[in-house]
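*Asks:* This is the structure I want to talk about, given as structure tokens.
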Amino acid sequence: ENAHALRDGPLTPEDAEKTGEAYDLVVVGGGISGLAAAFFLRAERPDAKILILDNHDDFGGHAKRNEFVTEGQTLLQNGGTMLISSPRPYGPVPAGLMRELGIDARALAEKYTNDPLYRTLGLGAATWFDKENFGADKLVKMPGGRGGGTRQQLAAALAQAPLSKKAQNDFVRLMFDEVDYLPGMSEAEKRKLLSSISYQQFLEQYVKVDPAIITLFQKRTHGEWGLGIDAEPALDCWGEGLPGLNGLGLSRSNTDWMDPTAAGHSSTGGSDSFRFPDGNATIARALVRKLVPAVAPPGDIESIVMAKFDYGQLDKPGQPVCIRLNSTVVHVDPKENGPVTVAYMNGDQLRSVNAKACVLACYNMMIPYLLPALPEEQKAALHELVKVPLCYTSVVVRNWQAFQKLGVQQISCPGGYFSSVSLSGSSHVGGYGGPQSADDPAIVFLSRAYCQPGLPTARDQQRAGRTELLNTSFEDFERNIREQLNQVLGDGGFDAARDIEAIAVNRWPHGYAYEYNTLYDPWDTPEEQRPNVIGRKRFGAVTIANSDAGSVGAYTDSAIEQGHRAVQELLDAGLI
């Protein structure tokens, strides 16, 4: 609300109370990029005095932690970024930071493979066919996930679904037949075509699937890009392994991710991957412990999962790094040959501090309002990078007997309000223990992407989705949660009125960083003309660091790299 008051005029930053505080660096935003920026400056300048300002009541930004205590048991879930993962191997800067934090994703993944409890019980994946979209309500357990197993197993499962025989056959054909649907075209011609049509168009025009298949797959790309298959290039979907494209004979030798004639960054094999019980909140917690050691007991990275943090240590006078929460920055004034003045709201108090330099590690679209002196071209570029709106919801249930009775852990809901419903993983890390039996409390995780198919561009879809998300009341969320869980799990005996213990709705109106999309963005734009590069230009003693400023989207390694770049620009210019 304070940020909107700044945009709409009621706030006058010039009236801010001058605290007299002076720092070497003020970082706006306590997400992973901002925390990393502070870490990198401390590595270069151990004597640096740093203030991190964040508008939330917790640090971490999108690396958000949901923590519940029920029946004496602590339950954890990511409320934001889920896992250490990137479509490319981590570069030397983010990889080095991970080593400093004691995070070895490969070693952790080998040590803490997902608890076999669910597998032992035979819990698998299923698809919920709803009456509104498919003519009947039906939960169908799918072999090998959402359409794996053998050809015969998939055909047998689909025979139980409310699908026509043609739709069933098309689904099996799509999953198992490796057909070259673009015969006579060279690989370069195929790539160019696939970069200019959506995956939906490819399925309709070239694979010629039944319309029911489009409905089934429409939300398949929500988790990756926050958009449906109507708005994602077919080439990107090939890179993610979606079916129907393997028979085209495309190679994975060229790794220029922006070039549709190339294989894309998926050809690198991606980074090592690991998920902490609270997602990447553990990374943020580890960074905070490095910056403010008194906040938590010392220990290895595993111990930090269950470590109790003393938030009273975050912002104490005299310490080298202070993290000030509930503090919404509303104005940044880089005076020529003078300090940068940063004004912020804490409660109803408008205050200001001074610094030699400032890193804006916050939402790109806020920056033109915080720093109105920016050149118009740079403001326009910052506004171009529209973030992807999302909602992650954690629902604590008193037991998960319904999942066991139905034999499922993950449920795809192509026509549901939430596109996926899953029983959260039960991995045990650093003393954290998930449920041991179906009688124990557990977390059910639901996700929804807010996009509106049919609008002209991905950005239009995302802006409309953001409006919908912000206009949705908690009461509407709760009603949809209860109705959907009763429908999907009802045959297993689930009763929302009896079984739900708690609900946490994590809204991301400004969620994933925007990724270039060849349906709407020219892939061959020179790097210096791309909006992320123009938008992140240093302005005097102010630099910009966030995942938007990178070139590969909403990935932790990109956020870290941008924090490093922003600090290095200030050091190279002799500003700190």
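Naming scheme: A, B, ... for chains in displayed order of the structure tokens; residues 1 onward per chain; ligands 1 onward as shown.
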Report as a VMD selection string all protein, DNA and RNA residues lying within 9 Å of Leu485 of chain A, evaluated on only C-alpha atoms, omitting residues in the same chain fewer than 6 positions from it.
*Replies:* chain A and resid 421 494 to 496
*Asks:* Store the residues picked out above, limited to C-alpha atoms, as a PDB file, in the first residue's frame.
*Replies:*
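Dumped everything to out-v1.pdb:
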```pdb
ATOM      1  CA  VAL A 421      -2.606 -30.967  -5.957  1.00  0.00           C
ATOM      2  CA  PHE A 494     -11.608 -36.662   2.539  1.00  0.00           C
ATOM      3  CA  ASP A 495     -13.802 -34.064   4.256  1.00  0.00           C
ATOM      4  CA  ALA A 496     -12.447 -30.501   4.149  1.00  0.00           C
TER       5      ALA A 496
END
```
*Asks:* What residues in segment 132-372 of chain A get the DSSP label strand (DSSP E)? Please answer as a PyMOL selection string.
*Replies:* chain A and resi 138-142+321-324+327-334+340-346+349-360
*Asks:* What is the atom CA of Asp47 of chain A-atom CA of Pro92 of chain A distance in Å, reported with one decimal?
*Replies:*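 These two atoms are separated by 24.6 Å.
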*Asks:* Select from segment 370-451 of chain A everything DSSP, run on the backbone, classes as alpha helix (DSSP H), then give the selection as a list in words.
*Replies:*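 Reading the DSSP output for segment 370-451 of chain A, alpha helix (DSSP H) covers Leu370, Glu376, Glu377, Gln378, Lys379, Ala380, Ala381, Leu382, His383, Glu384, Gln401, Ala402, Phe403, Gln404, Lys405 and Leu406 of chain A.
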*Asks:* Since we have the selection now, will you write its residues out, keeping all heavy atoms, as a compact mmCIF listing (two decimals), in the first residue's frame?
*Replies:*
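Output file part20.txt follows:
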```
# COMPACT_ATOMS: atom_id res chain seq x y z
N LEU A 370 10.65 4.57 -7.68
CA LEU A 370 11.60 4.83 -6.59
C LEU A 370 12.67 5.82 -7.03
O LEU A 370 13.16 6.61 -6.22
CB LEU A 370 12.29 3.53 -6.16
CG LEU A 370 11.41 2.37 -5.71
CD1 LEU A 370 12.28 1.20 -5.28
CD2 LEU A 370 10.50 2.80 -4.58
N GLU A 376 14.23 8.04 -19.51
CA GLU A 376 12.95 7.45 -19.92
C GLU A 376 13.14 6.10 -20.62
O GLU A 376 12.33 5.19 -20.44
CB GLU A 376 12.20 8.42 -20.84
CG GLU A 376 11.72 9.69 -20.14
CD GLU A 376 10.82 9.38 -18.95
OE1 GLU A 376 9.94 8.50 -19.08
OE2 GLU A 376 11.01 10.00 -17.88
N GLU A 377 14.22 5.98 -21.41
CA GLU A 377 14.45 4.70 -22.09
C GLU A 377 14.65 3.58 -21.08
O GLU A 377 14.15 2.46 -21.25
CB GLU A 377 15.69 4.80 -23.00
CG GLU A 377 16.00 3.50 -23.73
CD GLU A 377 17.36 3.50 -24.41
OE1 GLU A 377 18.27 4.20 -23.94
OE2 GLU A 377 17.51 2.78 -25.41
N GLN A 378 15.35 3.88 -19.99
CA GLN A 378 15.60 2.86 -18.97
C GLN A 378 14.31 2.53 -18.22
O GLN A 378 14.03 1.36 -17.92
CB GLN A 378 16.67 3.34 -18.00
CG GLN A 378 17.17 2.26 -17.05
CD GLN A 378 18.44 2.66 -16.32
OE1 GLN A 378 18.98 3.75 -16.55
NE2 GLN A 378 18.92 1.80 -15.44
N LYS A 379 13.50 3.54 -17.94
CA LYS A 379 12.21 3.28 -17.29
C LYS A 379 11.33 2.38 -18.15
O LYS A 379 10.71 1.44 -17.65
CB LYS A 379 11.48 4.60 -17.03
CG LYS A 379 12.10 5.48 -15.96
CD LYS A 379 11.25 6.74 -15.80
CE LYS A 379 11.85 7.69 -14.78
NZ LYS A 379 11.05 8.94 -14.65
N ALA A 380 11.30 2.67 -19.43
CA ALA A 380 10.47 1.87 -20.34
C ALA A 380 10.96 0.42 -20.37
O ALA A 380 10.15 -0.52 -20.39
CB ALA A 380 10.49 2.47 -21.74
N ALA A 381 12.27 0.24 -20.37
CA ALA A 381 12.82 -1.12 -20.40
C ALA A 381 12.46 -1.87 -19.12
O ALA A 381 12.11 -3.06 -19.16
CB ALA A 381 14.34 -1.06 -20.56
N LEU A 382 12.52 -1.20 -17.99
CA LEU A 382 12.16 -1.84 -16.72
C LEU A 382 10.69 -2.26 -16.72
O LEU A 382 10.33 -3.32 -16.19
CB LEU A 382 12.44 -0.88 -15.56
CG LEU A 382 13.93 -0.64 -15.26
CD1 LEU A 382 14.12 0.58 -14.37
CD2 LEU A 382 14.55 -1.87 -14.61
N HIS A 383 9.85 -1.45 -17.30
CA HIS A 383 8.41 -1.77 -17.35
C HIS A 383 8.12 -2.93 -18.30
O HIS A 383 7.08 -3.58 -18.18
CB HIS A 383 7.61 -0.54 -17.77
CG HIS A 383 7.36 0.42 -16.65
ND1 HIS A 383 6.74 0.06 -15.47
CD2 HIS A 383 7.66 1.75 -16.53
CE1 HIS A 383 6.66 1.12 -14.67
NE2 HIS A 383 7.22 2.15 -15.29
N GLU A 384 9.01 -3.18 -19.25
CA GLU A 384 8.77 -4.27 -20.21
C GLU A 384 8.85 -5.64 -19.57
O GLU A 384 8.25 -6.60 -20.05
CB GLU A 384 9.80 -4.19 -21.35
CG GLU A 384 9.36 -3.34 -22.52
CD GLU A 384 10.21 -3.63 -23.74
OE1 GLU A 384 10.23 -4.79 -24.19
OE2 GLU A 384 10.88 -2.69 -24.22
N GLN A 401 -4.91 -39.96 4.96
CA GLN A 401 -5.47 -41.28 4.68
C GLN A 401 -6.16 -41.33 3.32
O GLN A 401 -6.14 -42.36 2.64
CB GLN A 401 -6.45 -41.66 5.79
CG GLN A 401 -5.80 -41.85 7.15
CD GLN A 401 -6.79 -41.95 8.28
OE1 GLN A 401 -8.00 -41.88 8.06
NE2 GLN A 401 -6.30 -42.10 9.50
N ALA A 402 -6.76 -40.22 2.90
CA ALA A 402 -7.45 -40.20 1.60
C ALA A 402 -6.46 -40.45 0.46
O ALA A 402 -6.77 -41.17 -0.50
CB ALA A 402 -8.16 -38.87 1.40
N PHE A 403 -5.27 -39.85 0.55
CA PHE A 403 -4.26 -40.09 -0.48
C PHE A 403 -3.87 -41.57 -0.51
O PHE A 403 -3.73 -42.16 -1.59
CB PHE A 403 -3.02 -39.23 -0.21
CG PHE A 403 -3.17 -37.78 -0.56
CD1 PHE A 403 -3.66 -36.87 0.36
CD2 PHE A 403 -2.84 -37.32 -1.83
CE1 PHE A 403 -3.80 -35.53 0.04
CE2 PHE A 403 -2.97 -35.98 -2.16
CZ PHE A 403 -3.46 -35.08 -1.22
N GLN A 404 -3.69 -42.15 0.68
CA GLN A 404 -3.30 -43.56 0.73
C GLN A 404 -4.39 -44.45 0.15
O GLN A 404 -4.11 -45.38 -0.62
CB GLN A 404 -2.98 -43.98 2.16
CG GLN A 404 -2.48 -45.42 2.27
CD GLN A 404 -2.07 -45.79 3.68
OE1 GLN A 404 -2.27 -45.03 4.62
NE2 GLN A 404 -1.49 -46.97 3.84
N LYS A 405 -5.64 -44.18 0.50
CA LYS A 405 -6.74 -45.00 -0.01
C LYS A 405 -6.85 -44.91 -1.53
O LYS A 405 -7.17 -45.89 -2.20
CB LYS A 405 -8.05 -44.57 0.65
CG LYS A 405 -8.15 -44.95 2.12
CD LYS A 405 -9.44 -44.42 2.74
CE LYS A 405 -9.51 -44.75 4.23
NZ LYS A 405 -10.73 -44.18 4.86
N LEU A 406 -6.59 -43.73 -2.07
CA LEU A 406 -6.67 -43.53 -3.52
C LEU A 406 -5.40 -43.97 -4.23
O LEU A 406 -5.38 -44.08 -5.47
CB LEU A 406 -6.97 -42.07 -3.83
CG LEU A 406 -8.33 -41.55 -3.37
CD1 LEU A 406 -8.39 -40.02 -3.47
CD2 LEU A 406 -9.45 -42.18 -4.19
```
*Asks:* Need to verify the contact set: segment 5-15 of chain A, 7 Å, only C-alpha atoms, exclusion of same-chain residues closer than 6 positions in sequence. Can you return it as a tab-separated table (two decimals) with C-alpha atoms, in the first residue's frame?
*Replies:*
```tsv
chain	number	residue	atom	x	y	z
A	330	VAL	CA	9.61	4.72	-1.48
A	331	HIS	CA	12.32	7.02	-2.83
A	343	ALA	CA	13.55	7.05	2.10
A	369	TYR	CA	8.85	5.17	-9.20
```
*Asks:* For the contact check between segment 53-160 of chain A and segment 435-441 of chain A, emit one row per residue of segment 53-160 of chain A within 9 Å, containing the shortest atom pair and the distance in Å rounded to one decimal, counting only C-alpha atoms, chain then rising number order, as a Markdown table.
*Replies:*
```
| residue | atom | partner | partner_atom | distance |
| --- | --- | --- | --- | --- |
| A:Thr70 | CA | A:Pro441 | CA | 7.3 |
| A:Glu71 | CA | A:Pro441 | CA | 8.0 |
| A:Gln73 | CA | A:Pro441 | CA | 8.1 |
| A:Leu75 | CA | A:Pro441 | CA | 8.3 |
| A:Leu117 | CA | A:Gln436 | CA | 7.5 |
```
*Asks:* Need the shell around Gly270 of chain A: protein/DNA/RNA residues with any atom at most 8 Å away, counting only C-alpha atoms. Skip same-chain ones fewer than 5 positions apart. Format as a ChimeraX atom specification?
*Replies:* /A:85-89,265
*Asks:* Output all heavy atoms for every residue in that selection, as a PDB file, in the first residue's frame.
*Replies:*
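Generated output (selection_37.pdb):
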```pdb
ATOM      1  N   SER A  85      17.838 -25.303  -8.899  1.00  0.00           N
ATOM      2  CA  SER A  85      17.690 -25.841 -10.250  1.00  0.00           C
ATOM      3  C   SER A  85      17.906 -24.727 -11.251  1.00  0.00           C
ATOM      4  O   SER A  85      17.524 -23.580 -11.010  1.00  0.00           O
ATOM      5  CB  SER A  85      16.294 -26.441 -10.434  1.00  0.00           C
ATOM      6  OG  SER A  85      16.132 -26.927 -11.742  1.00  0.00           O
ATOM      7  N   SER A  86      18.523 -25.068 -12.357  1.00  0.00           N
ATOM      8  CA  SER A  86      18.719 -24.111 -13.436  1.00  0.00           C
ATOM      9  C   SER A  86      18.848 -24.893 -14.735  1.00  0.00           C
ATOM     10  O   SER A  86      19.333 -26.028 -14.726  1.00  0.00           O
ATOM     11  CB  SER A  86      19.980 -23.270 -13.204  1.00  0.00           C
ATOM     12  OG  SER A  86      20.203 -22.379 -14.293  1.00  0.00           O
ATOM     13  N   PRO A  87      18.423 -24.321 -15.861  1.00  0.00           N
ATOM     14  CA  PRO A  87      18.578 -25.016 -17.141  1.00  0.00           C
ATOM     15  C   PRO A  87      20.018 -25.070 -17.619  1.00  0.00           C
ATOM     16  O   PRO A  87      20.306 -25.669 -18.644  1.00  0.00           O
ATOM     17  CB  PRO A  87      17.709 -24.182 -18.089  1.00  0.00           C
ATOM     18  CG  PRO A  87      17.670 -22.830 -17.479  1.00  0.00           C
ATOM     19  CD  PRO A  87      17.695 -23.048 -16.001  1.00  0.00           C
ATOM     20  N   ARG A  88      20.911 -24.440 -16.868  1.00  0.00           N
ATOM     21  CA  ARG A  88      22.338 -24.458 -17.226  1.00  0.00           C
ATOM     22  C   ARG A  88      23.125 -24.784 -15.955  1.00  0.00           C
ATOM     23  O   ARG A  88      22.639 -24.545 -14.838  1.00  0.00           O
ATOM     24  CB  ARG A  88      22.766 -23.093 -17.755  1.00  0.00           C
ATOM     25  CG  ARG A  88      22.560 -21.999 -16.722  1.00  0.00           C
ATOM     26  CD  ARG A  88      22.918 -20.618 -17.211  1.00  0.00           C
ATOM     27  NE  ARG A  88      22.811 -19.654 -16.127  1.00  0.00           N
ATOM     28  CZ  ARG A  88      23.104 -18.376 -16.229  1.00  0.00           C
ATOM     29  NH1 ARG A  88      23.518 -17.900 -17.391  1.00  0.00           N
ATOM     30  NH2 ARG A  88      22.986 -17.557 -15.210  1.00  0.00           N
ATOM     31  N   PRO A  89      24.329 -25.317 -16.082  1.00  0.00           N
ATOM     32  CA  PRO A  89      25.159 -25.517 -14.891  1.00  0.00           C
ATOM     33  C   PRO A  89      25.462 -24.186 -14.217  1.00  0.00           C
ATOM     34  O   PRO A  89      25.579 -23.152 -14.880  1.00  0.00           O
ATOM     35  CB  PRO A  89      26.435 -26.153 -15.451  1.00  0.00           C
ATOM     36  CG  PRO A  89      26.033 -26.728 -16.775  1.00  0.00           C
ATOM     37  CD  PRO A  89      24.976 -25.811 -17.314  1.00  0.00           C
ATOM     38  N   HIS A 265      19.327 -23.801 -23.944  1.00  0.00           N
ATOM     39  CA  HIS A 265      20.182 -24.115 -22.804  1.00  0.00           C
ATOM     40  C   HIS A 265      19.890 -25.476 -22.208  1.00  0.00           C
ATOM     41  O   HIS A 265      20.659 -25.968 -21.401  1.00  0.00           O
ATOM     42  CB  HIS A 265      20.086 -23.029 -21.733  1.00  0.00           C
ATOM     43  CG  HIS A 265      18.688 -22.597 -21.412  1.00  0.00           C
ATOM     44  ND1 HIS A 265      18.411 -21.361 -20.899  1.00  0.00           N
ATOM     45  CD2 HIS A 265      17.507 -23.225 -21.517  1.00  0.00           C
ATOM     46  CE1 HIS A 265      17.108 -21.244 -20.706  1.00  0.00           C
ATOM     47  NE2 HIS A 265      16.559 -22.356 -21.056  1.00  0.00           N
TER      48      HIS A 265
END
```
*Asks:* With a distance cut-off of 10 Å and only C-alpha atoms, select the neighbouring residues of segment 219-229 of chain A, excluding the residue or stretch itself and same-chain residues fewer than 4 positions from it, and output the selection as a VMD selection string.
*Replies:* chain A and resid 146 198 to 203 214 to 215 233 to 234 237 240 242 387 to 390 412 to 416 419 to 420 447 to 453 458 461 to 462 511 to 515 517 553 to 554
*Asks:* Neighbouring residues of Gln153 of chain A were defined as those with any atom within 9 Å, considering only C-alpha atoms; residues of the same chain fewer than 4 positions away were excluded. Please report them as a PyMOL selection string.
*Replies:* chain A and resi 142-143+148-149+157-158
*Asks:* Near Val295 of chain A, within 8 Å and counting only C-alpha atoms, which residues show up once chain neighbours fewer than 5 positions away are dropped, as a tab-separated table (two decimals) with N, CA, C and O atoms, in the first residue's frame?
*Replies:*
```
chain	number	residue	atom	x	y	z
A	288	VAL	N	21.68	-15.13	5.43
A	288	VAL	CA	21.46	-14.23	6.57
A	288	VAL	C	22.37	-14.61	7.73
A	288	VAL	O	22.94	-13.73	8.40
A	289	ARG	N	22.55	-15.90	7.98
A	289	ARG	CA	23.45	-16.32	9.06
A	289	ARG	C	24.89	-15.91	8.77
A	289	ARG	O	25.65	-15.60	9.69
A	309	PHE	N	15.69	-18.93	14.51
A	309	PHE	CA	16.31	-17.63	14.21
A	309	PHE	C	15.83	-16.58	15.21
A	309	PHE	O	14.63	-16.51	15.51
A	310	ASP	N	16.76	-15.79	15.71
A	310	ASP	CA	16.44	-14.70	16.62
A	310	ASP	C	16.35	-13.42	15.79
A	310	ASP	O	17.36	-12.78	15.49
A	311	TYR	N	15.14	-13.04	15.42
A	311	TYR	CA	14.96	-11.88	14.55
A	311	TYR	C	15.35	-10.57	15.23
A	311	TYR	O	15.57	-9.57	14.56
A	312	GLY	N	15.46	-10.60	16.55
A	312	GLY	CA	15.91	-9.40	17.27
A	312	GLY	C	17.35	-9.05	16.99
A	312	GLY	O	17.80	-7.93	17.29
A	313	GLN	N	18.11	-9.99	16.39
A	313	GLN	CA	19.51	-9.74	16.07
A	313	GLN	C	19.71	-9.12	14.68
A	313	GLN	O	20.82	-8.73	14.34
A	314	LEU	N	18.66	-9.04	13.89
A	314	LEU	CA	18.81	-8.62	12.51
A	314	LEU	C	19.20	-7.15	12.36
A	314	LEU	O	19.91	-6.79	11.42
```
